[in-house]
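> Here you go, protein.pdb (PDB, C-alpha atoms):
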ATOM      1  CA  MET V   1      20.526   0.582 -14.008  1.00  0.00           C
ATOM      2  CA  ASN V   2      19.588  -3.086 -13.598  1.00  0.00           C
ATOM      3  CA  ALA V   3      16.446  -4.453 -15.179  1.00  0.00           C
ATOM      4  CA  VAL V   4      13.659  -5.447 -12.843  1.00  0.00           C
ATOM      5  CA  GLN V   5      13.815  -9.222 -12.441  1.00  0.00           C
ATOM      6  CA  SER V   6      11.167  -9.600  -9.757  1.00  0.00           C
ATOM      7  CA  TYR V   7       8.518  -7.606  -7.964  1.00  0.00           C
ATOM      8  CA  ARG V   8      11.000  -7.624  -5.065  1.00  0.00           C
ATOM      9  CA  ASP V   9      13.197  -5.289  -7.128  1.00  0.00           C
ATOM     10  CA  LEU V  10      10.453  -2.661  -7.326  1.00  0.00           C
ATOM     11  CA  VAL V  11      11.009   0.194  -4.879  1.00  0.00           C
ATOM     12  CA  VAL V  12       7.239   0.663  -4.668  1.00  0.00           C
ATOM     13  CA  TRP V  13       6.835  -2.934  -3.438  1.00  0.00           C
ATOM     14  CA  GLN V  14       9.691  -2.485  -0.943  1.00  0.00           C
ATOM     15  CA  ARG V  15       8.091   0.689   0.456  1.00  0.00           C
ATOM     16  CA  ALA V  16       4.678  -0.998   0.572  1.00  0.00           C
ATOM     17  CA  MET V  17       6.205  -3.851   2.580  1.00  0.00           C
ATOM     18  CA  GLU V  18       7.744  -1.346   4.985  1.00  0.00           C
ATOM     19  CA  LEU V  19       4.297   0.214   5.349  1.00  0.00           C
ATOM     20  CA  VAL V  20       2.785  -3.187   6.190  1.00  0.00           C
ATOM     21  CA  GLU V  21       5.426  -3.826   8.861  1.00  0.00           C
ATOM     22  CA  ARG V  22       4.939  -0.411  10.445  1.00  0.00           C
ATOM     23  CA  GLY V  23       1.171  -0.772  10.274  1.00  0.00           C
ATOM     24  CA  TYR V  24       1.252  -4.099  12.091  1.00  0.00           C
ATOM     25  CA  ARG V  25       3.439  -2.610  14.828  1.00  0.00           C
ATOM     26  CA  LEU V  26       1.123   0.396  15.143  1.00  0.00           C
ATOM     27  CA  THR V  27      -2.061  -1.666  15.365  1.00  0.00           C
ATOM     28  CA  ALA V  28      -0.563  -4.056  17.931  1.00  0.00           C
ATOM     29  CA  ALA V  29      -1.188  -1.329  20.517  1.00  0.00           C
ATOM     30  CA  PHE V  30      -4.828  -0.708  19.546  1.00  0.00           C
ATOM     31  CA  PRO V  31      -7.609  -1.613  21.990  1.00  0.00           C
ATOM     32  CA  SER V  32      -8.423  -5.336  21.938  1.00  0.00           C
ATOM     33  CA  GLU V  33     -12.042  -4.631  21.016  1.00  0.00           C
ATOM     34  CA  GLU V  34     -10.748  -3.221  17.713  1.00  0.00           C
ATOM     35  CA  ARG V  35      -9.101  -6.525  16.755  1.00  0.00           C
ATOM     36  CA  PHE V  36     -11.958  -7.313  14.339  1.00  0.00           C
ATOM     37  CA  GLY V  37     -12.651  -3.678  13.495  1.00  0.00           C
ATOM     38  CA  LEU V  38     -10.180  -1.024  12.460  1.00  0.00           C
ATOM     39  CA  THR V  39      -7.136  -3.167  13.275  1.00  0.00           C
ATOM     40  CA  SER V  40      -8.242  -5.896  10.882  1.00  0.00           C
ATOM     41  CA  GLN V  41      -9.400  -3.451   8.190  1.00  0.00           C
ATOM     42  CA  LEU V  42      -6.163  -1.475   8.233  1.00  0.00           C
ATOM     43  CA  ARG V  43      -3.961  -4.555   8.173  1.00  0.00           C
ATOM     44  CA  ARG V  44      -5.912  -6.038   5.246  1.00  0.00           C
ATOM     45  CA  ALA V  45      -5.682  -2.790   3.280  1.00  0.00           C
ATOM     46  CA  LEU V  46      -1.927  -2.515   3.864  1.00  0.00           C
ATOM     47  CA  VAL V  47      -1.304  -6.140   2.901  1.00  0.00           C
ATOM     48  CA  SER V  48      -3.460  -5.661  -0.197  1.00  0.00           C
ATOM     49  CA  VAL V  49      -1.237  -2.865  -1.485  1.00  0.00           C
ATOM     50  CA  ALA V  50       1.956  -4.938  -1.436  1.00  0.00           C
ATOM     51  CA  SER V  51       0.201  -8.138  -2.534  1.00  0.00           C
ATOM     52  CA  ASN V  52      -1.434  -6.550  -5.571  1.00  0.00           C
ATOM     53  CA  ILE V  53       1.846  -4.998  -6.683  1.00  0.00           C
ATOM     54  CA  ALA V  54       3.486  -8.436  -6.538  1.00  0.00           C
ATOM     55  CA  GLU V  55       0.598 -10.314  -8.131  1.00  0.00           C
ATOM     56  CA  GLY V  56       0.241  -7.771 -10.914  1.00  0.00           C
ATOM     57  CA  HIS V  57       3.940  -7.783 -11.671  1.00  0.00           C
ATOM     58  CA  ASN V  58       3.877 -11.552 -12.089  1.00  0.00           C
ATOM     59  CA  SER V  59       0.880 -11.477 -14.415  1.00  0.00           C
ATOM     60  CA  LEU V  60       1.345 -12.283 -18.064  1.00  0.00           C
ATOM     61  CA  SER V  61      -0.308  -9.195 -19.501  1.00  0.00           C
ATOM     62  CA  THR V  62      -0.112  -5.449 -19.055  1.00  0.00           C
ATOM     63  CA  PRO V  63      -3.907  -5.008 -18.700  1.00  0.00           C
ATOM     64  CA  VAL V  64      -3.929  -7.503 -15.819  1.00  0.00           C
ATOM     65  CA  TYR V  65      -0.938  -5.746 -14.241  1.00  0.00           C
ATOM     66  CA  LEU V  66      -2.737  -2.406 -14.535  1.00  0.00           C
ATOM     67  CA  ARG V  67      -5.864  -3.878 -12.936  1.00  0.00           C
ATOM     68  CA  HIS V  68      -3.821  -5.070  -9.949  1.00  0.00           C
ATOM     69  CA  LEU V  69      -2.118  -1.690  -9.657  1.00  0.00           C
ATOM     70  CA  SER V  70      -5.540  -0.055  -9.681  1.00  0.00           C
ATOM     71  CA  THR V  71      -6.592  -2.332  -6.818  1.00  0.00           C
ATOM     72  CA  ALA V  72      -3.362  -1.471  -4.979  1.00  0.00           C
ATOM     73  CA  LEU V  73      -4.150   2.234  -5.397  1.00  0.00           C
ATOM     74  CA  GLY V  74      -7.623   1.711  -3.978  1.00  0.00           C
ATOM     75  CA  SER V  75      -6.200  -0.147  -0.989  1.00  0.00           C
ATOM     76  CA  GLN V  76      -3.575   2.559  -0.512  1.00  0.00           C
ATOM     77  CA  ALA V  77      -6.293   5.235  -0.325  1.00  0.00           C
ATOM     78  CA  GLU V  78      -8.299   3.035   2.031  1.00  0.00           C
ATOM     79  CA  ALA V  79      -5.275   2.581   4.301  1.00  0.00           C
ATOM     80  CA  GLU V  80      -4.545   6.325   4.355  1.00  0.00           C
ATOM     81  CA  THR V  81      -8.144   6.991   5.355  1.00  0.00           C
ATOM     82  CA  GLN V  82      -7.990   4.363   8.093  1.00  0.00           C
ATOM     83  CA  LEU V  83      -4.718   5.773   9.395  1.00  0.00           C
ATOM     84  CA  GLU V  84      -6.392   9.169   9.666  1.00  0.00           C
ATOM     85  CA  LEU V  85      -9.246   7.500  11.557  1.00  0.00           C
ATOM     86  CA  CYS V  86      -6.741   6.032  14.010  1.00  0.00           C
ATOM     87  CA  ILE V  87      -5.777   9.570  14.967  1.00  0.00           C
ATOM     88  CA  ARG V  88      -9.350  10.893  15.079  1.00  0.00           C
ATOM     89  CA  LEU V  89     -10.516   8.002  17.246  1.00  0.00           C
ATOM     90  CA  GLY V  90      -7.568   8.389  19.602  1.00  0.00           C
ATOM     91  CA  PHE V  91      -6.089   4.934  18.941  1.00  0.00           C
ATOM     92  CA  ALA V  92      -2.695   6.409  18.077  1.00  0.00           C
ATOM     93  CA  ASP V  93      -0.865   9.686  18.439  1.00  0.00           C
ATOM     94  CA  ARG V  94      -0.519  11.830  15.313  1.00  0.00           C
ATOM     95  CA  ASP V  95       3.287  11.735  15.647  1.00  0.00           C
ATOM     96  CA  HIS V  96       3.234   7.923  15.435  1.00  0.00           C
ATOM     97  CA  VAL V  97       0.827   7.814  12.501  1.00  0.00           C
ATOM     98  CA  ARG V  98       2.218  10.671  10.392  1.00  0.00           C
ATOM     99  CA  PRO V  99       5.241   8.669   9.112  1.00  0.00           C
ATOM    100  CA  LEU V 100       2.887   5.900   7.931  1.00  0.00           C
ATOM    101  CA  ILE V 101       0.638   8.387   6.163  1.00  0.00           C
ATOM    102  CA  GLU V 102       3.726   9.851   4.477  1.00  0.00           C
ATOM    103  CA  ILE V 103       4.906   6.427   3.291  1.00  0.00           C
ATOM    104  CA  ALA V 104       1.385   5.610   2.099  1.00  0.00           C
ATOM    105  CA  GLY V 105       1.354   8.848   0.095  1.00  0.00           C
ATOM    106  CA  GLU V 106       4.753   8.040  -1.362  1.00  0.00           C
ATOM    107  CA  VAL V 107       3.549   4.562  -2.353  1.00  0.00           C
ATOM    108  CA  GLY V 108       0.485   6.108  -3.984  1.00  0.00           C
ATOM    109  CA  ARG V 109       2.607   8.511  -6.020  1.00  0.00           C
ATOM    110  CA  MET V 110       4.914   5.686  -7.109  1.00  0.00           C
ATOM    111  CA  LEU V 111       1.942   3.547  -8.114  1.00  0.00           C
ATOM    112  CA  HIS V 112       0.515   6.392 -10.208  1.00  0.00           C
ATOM    113  CA  ALA V 113       3.911   6.838 -11.896  1.00  0.00           C
ATOM    114  CA  LEU V 114       4.149   3.102 -12.604  1.00  0.00           C
ATOM    115  CA  VAL V 115       0.650   3.091 -14.099  1.00  0.00           C
ATOM    116  CA  ARG V 116       1.539   6.079 -16.330  1.00  0.00           C
ATOM    117  CA  SER V 117       4.746   4.370 -17.439  1.00  0.00           C
ATOM    118  CA  LEU V 118       2.996   1.113 -18.307  1.00  0.00           C
ATOM    119  CA  ARG V 119       0.252   2.932 -20.223  1.00  0.00           C
ATOM    120  CA  GLN V 120       2.788   5.014 -22.190  1.00  0.00           C
ATOM    121  CA  ARG V 121       4.870   1.955 -23.005  1.00  0.00           C
ATOM    122  CA  ASN V 122       1.811   0.155 -24.365  1.00  0.00           C
ATOM    123  CA  ALA V 123       0.160   3.079 -26.139  1.00  0.00           C
ATOM    124  CA  PRO V 124      -0.420   2.556 -29.871  1.00  0.00           C
TER     125      PRO V 124
END
Go ahead and express the file in the form of structure tokens.

Amino acid sequence: MNAVQSYRDLVVWQRAMELVERGYRLTAAFPSEERFGLTSQLRRALVSVASNIAEGHNSLSTPVYLRHLSTALGSQAEAETQLELCIRLGFADRDHVRPLIEIAGEVGRMLHALVRSLRQRNAP
């Protein structure tokens, strides 16, 4: 197994980036009056997940990395909630949103595992 050289090597970052791409494609079809509402909120939350993984990985300390991963987890939960709202408000069909919710859940589980690993590695 190769050592992680960059945040780009992290599967969790790669999956988060896939989620961002899919989220942008999904929201492109939302009503135009939602451009500054749910569309903007969802896109920002999705971008925040991937961005915080990258920024945290490039930090110089584990506590800072953990703080960024915590922010990424918060954004991941926010995005999952907003994806569910997309269905409830009728902006997207459940069959189109379900794969994004599944990826978001996967990203959340990977983030939790990464946090556990970092905490165990740095435990006294």
> Applied to the shown file, which residues does the PyMOL selection byres ((chain V and resi 43) around 12) return, written as an NGL selection string?
:V and (17 or 19-28 or 34-42 or 44-50 or 75-76 or 78-80 or 82-83)
> Can you tell me how far atom CA of Ser32 of chain V sits from atom CA of Arg98 of chain V, in Å to one decimal?
22.4 Å
> Exactly which residues make up the result of the PyMOL selection byres ((chain V and resi 118) around 12) on this file, given as a ChimeraX atom specification?
/V:56-57,61-67,69,111-117,119-123
> Please indicate the distance in Å from atom CA of Ser70 of chain V to atom CA of Leu10 of chain V, rounded to one decimal place.
16.4 Å
> Hey, can you check how far atom CA of Val107 of chain V sits from atom CA of Asp93 of chain V?
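Spanning atom CA of Val107 of chain V to atom CA of Asp93 of chain V is a straight-line distance of 21.9 Å.
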> List as a list in words the protein and nucleic acid residues near Arg8 of chain V, meaning an atom at most 8 Å away when all atoms listed in the file are counted, but skip any in the same chain fewer than 4 places from it.
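My list of contacting residues is Trp13, Gln14 and Ala54 of chain V.
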> Could you give me segment 46-73 of chain V completed to N, CA and C atoms, formatted as a PDB file, in the frame of the given file?

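Final output, saved to result_18.pdb:
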ATOM      1  N   LEU V  46      -3.378  -2.631   4.049  1.00  0.00           N
ATOM      2  CA  LEU V  46      -1.927  -2.515   3.864  1.00  0.00           C
ATOM      3  C   LEU V  46      -1.355  -3.734   3.148  1.00  0.00           C
ATOM      4  N   VAL V  47      -1.776  -4.908   3.547  1.00  0.00           N
ATOM      5  CA  VAL V  47      -1.304  -6.140   2.901  1.00  0.00           C
ATOM      6  C   VAL V  47      -1.741  -6.163   1.439  1.00  0.00           C
ATOM      7  N   SER V  48      -2.935  -5.673   1.170  1.00  0.00           N
ATOM      8  CA  SER V  48      -3.460  -5.661  -0.197  1.00  0.00           C
ATOM      9  C   SER V  48      -2.601  -4.821  -1.131  1.00  0.00           C
ATOM     10  N   VAL V  49      -2.072  -3.715  -0.638  1.00  0.00           N
ATOM     11  CA  VAL V  49      -1.237  -2.865  -1.485  1.00  0.00           C
ATOM     12  C   VAL V  49      -0.026  -3.657  -1.982  1.00  0.00           C
ATOM     13  N   ALA V  50       0.742  -4.193  -1.057  1.00  0.00           N
ATOM     14  CA  ALA V  50       1.956  -4.938  -1.436  1.00  0.00           C
ATOM     15  C   ALA V  50       1.616  -6.187  -2.240  1.00  0.00           C
ATOM     16  N   SER V  51       0.572  -6.891  -1.852  1.00  0.00           N
ATOM     17  CA  SER V  51       0.201  -8.138  -2.534  1.00  0.00           C
ATOM     18  C   SER V  51      -0.220  -7.895  -3.972  1.00  0.00           C
ATOM     19  N   ASN V  52      -0.986  -6.833  -4.211  1.00  0.00           N
ATOM     20  CA  ASN V  52      -1.434  -6.550  -5.571  1.00  0.00           C
ATOM     21  C   ASN V  52      -0.302  -6.067  -6.467  1.00  0.00           C
ATOM     22  N   ILE V  53       0.670  -5.382  -5.899  1.00  0.00           N
ATOM     23  CA  ILE V  53       1.846  -4.998  -6.683  1.00  0.00           C
ATOM     24  C   ILE V  53       2.561  -6.265  -7.140  1.00  0.00           C
ATOM     25  N   ALA V  54       2.780  -7.190  -6.212  1.00  0.00           N
ATOM     26  CA  ALA V  54       3.486  -8.436  -6.538  1.00  0.00           C
ATOM     27  C   ALA V  54       2.695  -9.280  -7.531  1.00  0.00           C
ATOM     28  N   GLU V  55       1.413  -9.466  -7.258  1.00  0.00           N
ATOM     29  CA  GLU V  55       0.598 -10.314  -8.131  1.00  0.00           C
ATOM     30  C   GLU V  55       0.506  -9.719  -9.534  1.00  0.00           C
ATOM     31  N   GLY V  56       0.313  -8.416  -9.607  1.00  0.00           N
ATOM     32  CA  GLY V  56       0.241  -7.771 -10.914  1.00  0.00           C
ATOM     33  C   GLY V  56       1.533  -7.876 -11.686  1.00  0.00           C
ATOM     34  N   HIS V  57       2.645  -7.698 -10.998  1.00  0.00           N
ATOM     35  CA  HIS V  57       3.940  -7.783 -11.671  1.00  0.00           C
ATOM     36  C   HIS V  57       4.166  -9.168 -12.270  1.00  0.00           C
ATOM     37  N   ASN V  58       3.676 -10.184 -11.607  1.00  0.00           N
ATOM     38  CA  ASN V  58       3.877 -11.552 -12.089  1.00  0.00           C
ATOM     39  C   ASN V  58       2.813 -11.999 -13.082  1.00  0.00           C
ATOM     40  N   SER V  59       1.894 -11.112 -13.429  1.00  0.00           N
ATOM     41  CA  SER V  59       0.880 -11.477 -14.415  1.00  0.00           C
ATOM     42  C   SER V  59       1.510 -11.505 -15.807  1.00  0.00           C
ATOM     43  N   LEU V  60       0.810 -12.104 -16.719  1.00  0.00           N
ATOM     44  CA  LEU V  60       1.345 -12.283 -18.064  1.00  0.00           C
ATOM     45  C   LEU V  60       0.896 -11.214 -19.050  1.00  0.00           C
ATOM     46  N   SER V  61       0.128 -10.240 -18.578  1.00  0.00           N
ATOM     47  CA  SER V  61      -0.308  -9.195 -19.501  1.00  0.00           C
ATOM     48  C   SER V  61      -0.341  -7.842 -18.802  1.00  0.00           C
ATOM     49  N   THR V  62      -0.098  -6.806 -19.592  1.00  0.00           N
ATOM     50  CA  THR V  62      -0.112  -5.449 -19.055  1.00  0.00           C
ATOM     51  C   THR V  62      -1.496  -5.055 -18.539  1.00  0.00           C
ATOM     52  N   PRO V  63      -2.591  -5.377 -19.247  1.00  0.00           N
ATOM     53  CA  PRO V  63      -3.907  -5.008 -18.700  1.00  0.00           C
ATOM     54  C   PRO V  63      -4.177  -5.628 -17.327  1.00  0.00           C
ATOM     55  N   VAL V  64      -3.744  -6.858 -17.122  1.00  0.00           N
ATOM     56  CA  VAL V  64      -3.929  -7.503 -15.819  1.00  0.00           C
ATOM     57  C   VAL V  64      -3.062  -6.797 -14.775  1.00  0.00           C
ATOM     58  N   TYR V  65      -1.837  -6.473 -15.140  1.00  0.00           N
ATOM     59  CA  TYR V  65      -0.938  -5.746 -14.241  1.00  0.00           C
ATOM     60  C   TYR V  65      -1.579  -4.418 -13.841  1.00  0.00           C
ATOM     61  N   LEU V  66      -2.106  -3.689 -14.814  1.00  0.00           N
ATOM     62  CA  LEU V  66      -2.737  -2.406 -14.535  1.00  0.00           C
ATOM     63  C   LEU V  66      -3.951  -2.563 -13.619  1.00  0.00           C
ATOM     64  N   ARG V  67      -4.704  -3.633 -13.793  1.00  0.00           N
ATOM     65  CA  ARG V  67      -5.864  -3.878 -12.936  1.00  0.00           C
ATOM     66  C   ARG V  67      -5.417  -4.092 -11.486  1.00  0.00           C
ATOM     67  N   HIS V  68      -4.339  -4.848 -11.302  1.00  0.00           N
ATOM     68  CA  HIS V  68      -3.821  -5.070  -9.949  1.00  0.00           C
ATOM     69  C   HIS V  68      -3.271  -3.783  -9.349  1.00  0.00           C
ATOM     70  N   LEU V  69      -2.625  -2.970 -10.164  1.00  0.00           N
ATOM     71  CA  LEU V  69      -2.118  -1.690  -9.657  1.00  0.00           C
ATOM     72  C   LEU V  69      -3.270  -0.768  -9.277  1.00  0.00           C
ATOM     73  N   SER V  70      -4.362  -0.832 -10.031  1.00  0.00           N
ATOM     74  CA  SER V  70      -5.540  -0.055  -9.681  1.00  0.00           C
ATOM     75  C   SER V  70      -6.100  -0.500  -8.327  1.00  0.00           C
ATOM     76  N   THR V  71      -6.131  -1.803  -8.107  1.00  0.00           N
ATOM     77  CA  THR V  71      -6.592  -2.332  -6.818  1.00  0.00           C
ATOM     78  C   THR V  71      -5.650  -1.883  -5.706  1.00  0.00           C
ATOM     79  N   ALA V  72      -4.348  -1.915  -5.969  1.00  0.00           N
ATOM     80  CA  ALA V  72      -3.362  -1.471  -4.979  1.00  0.00           C
ATOM     81  C   ALA V  72      -3.585   0.001  -4.634  1.00  0.00           C
ATOM     82  N   LEU V  73      -3.879   0.813  -5.648  1.00  0.00           N
ATOM     83  CA  LEU V  73      -4.150   2.234  -5.397  1.00  0.00           C
ATOM     84  C   LEU V  73      -5.397   2.418  -4.542  1.00  0.00           C
TER      85      LEU V  73
END
